[in-house]
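Read through the structure below, which is laid out as structure tokens, and then see the notes.
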Amino acid sequence: MSLDLARPAPTTIDLGVLPSELDGGLGWRAAIGLVVLATDQTMEHEFRALINLPGVAFYESRVFNDAEIRPDTLRAIGPRIAPSVGLILPGLKLDVVAFGCTSATMTLGEAAVFDEIHKSRPGVACTTPVTAALAAFRAFGARSIGLLTPYAPEINVSLIANFRARGIDVAAAATFDRRDDRDAARISVASIEAAIVRLARAPGVEAIFVSCTSLRVAEATAKLERLAGVPVTSSNHAMAWHCLRLGGVDDPLPASGRLFELPA
């Protein structure tokens, strides 16, 4: 007979139900919902690179979009926003919801975007890259900006008109004219740096805004500001800051650029 057969069967000590308590979870200071475009490769990464604060948590949902950036494809995103918001932590509290598309916000209008968000999250504080950029310009005290985008020239024209209607002059503008959002995410940081330096030389530029959540700016903001000599922000950079401030988190994060030292 095998010696193994002579061994007693193993037993498990059952400790039963142990006591447990519930805390505030990961987002005990601020739980922030992000609606991210299906094609976006950058936004989530930049939010996490910019903000590493205990008690601040980001929860994402994707919304379908066409890769080609045109007015009709941007308008089509509108009715998809509410269902996407509804997928973020159903039944749990969110302090802020951010919609991550600058050009779609300009096309649809901020009020229409907020209405869609509130269909799923009535009364929640919300922001967009446009909303956040305008708040950033106020925080900087800037009324004239340099604008850099990857958009088709006709979308830039609309963007400039929209900013001017809101009291922000665009002293200089430039585009990479990359109309496929998947390509916009691959524009090198070196290309963005060179473009920002050129924009900063234009007369009247008091701050620079890099529009598009796909463009990679956030991790290089402090360096870009040293090179440009003026404050620099972007769609993701401004929106991450605005999410914090709307969520009641006022911690200064100087490594993330000048904006993150300012209140909203």
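Going through the structure tokens in order, the chains are called A, B, and so on, while each chain numbers its residues from 1 and the ligands are numbered from 1 in the order shown.
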
Checklist entry - Using only C-alpha atoms, which residues sit within 12 Å of A:Ala152 once same-chain residues fewer than 6 positions away are excluded, as number ranges by chain? => result A: 68-71, 103, 158-159, 174-181, 184

Next on the checklist: So that I can see what lies close to A:Ala125, please list as a list in words the residues with an atom at most 8 Å from it, counting only C-alpha atoms and leaving out residues fewer than 5 positions away in the same chain.
Outcome noted: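 The residues satisfying every condition are Asp95, Val96, Val97, Leu246 and Gly247 of chain A.
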
Selection export as a PDB file, in the first residue's frame, atoms kept: C-alpha atoms:
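Result saved to again_25.pdb:
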ATOM      1  CA  ASP A  95     -18.559  64.286  -8.509  1.00  0.00           C
ATOM      2  CA  VAL A  96     -17.671  65.416 -12.040  1.00  0.00           C
ATOM      3  CA  VAL A  97     -18.209  64.153 -15.587  1.00  0.00           C
ATOM      4  CA  LEU A 246     -14.892  71.213  -9.913  1.00  0.00           C
ATOM      5  CA  GLY A 247     -14.477  68.195  -7.629  1.00  0.00           C
TER       6      GLY A 247
END

Item to check | Secondary structure check, strand (DSSP E) residues of stretch 80-188 of chain A, as JSON, numbers by chain | outcome: {"A": [96, 97, 98, 99, 100, 125, 126, 127, 144, 145, 146, 147, 148, 149, 169, 170, 171, 172, 173, 174, 175]}

Checklist entry - If we count only C-alpha atoms, what is near A:Ala255 at a cut-off of 10 Å, once residues fewer than 5 positions away on the same chain are taken out, given as number ranges by chain? => result A: 50, 219-223, 260-261

Item to check | Shell around A:Val232 at 6 Å using only C-alpha atoms, local window under 5 positions removed, as a PyMOL selection string | outcome: chain A and resi 207-208+225

Checklist entry - Neighbours of stretch 33-46 of chain A within 9 Å (only C-alpha atoms; same-chain residues fewer than 3 positions away dropped), as number ranges by chain? => result A: 49-51, 57-67, 81, 84-85, 88-89, 94-101, 181-182, 185-186, 213-219, 235-237, 240

Checklist entry - Any idea what's packed within 9 Å of A:Ala135, counting only C-alpha atoms, ignoring anything in its chain fewer than 3 positions away? Could you give it as a PyMOL selection string? => result chain A and resi 130-132+138-140+238+242+264

Next on the checklist: Quick check for you: according to DSSP on this backbone, which residues of stretch 18-224 of chain A are classed as alpha helix (DSSP H)? Reply as a VMD selection string.
Outcome noted: chain A and resid 43 to 50 71 to 75 81 to 86 102 to 108 110 to 120 129 to 140 153 to 165 181 to 184 189 to 200 221 to 224

Next on the checklist: Between atom CA of A:Thr73 and atom CA of A:Ser211, what distance in Å does the model show, to one decimal?
Outcome noted: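 Rounded to one decimal, the two atoms are 17.6 Å apart.
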
Item to check | Gap from atom CA of A:Asp72 to atom CA of A:Thr107 - Å, one decimal | outcome: 9.0 Å

Item to check | Who sits within 12 Å of A:Leu92, only C-alpha atoms, same chain under 6 positions skipped, as a list in words | outcome: Gly24, Gly25, Gly27, Ala31, Ile32, Gly33, Tyr59, Gly86 and Arg121 of chain A

Checklist entry - If you measure from atom CA of A:Phe209 to atom CA of A:Ala111, what distance in Å do you get, rounded to one decimal? => result 21.5 Å
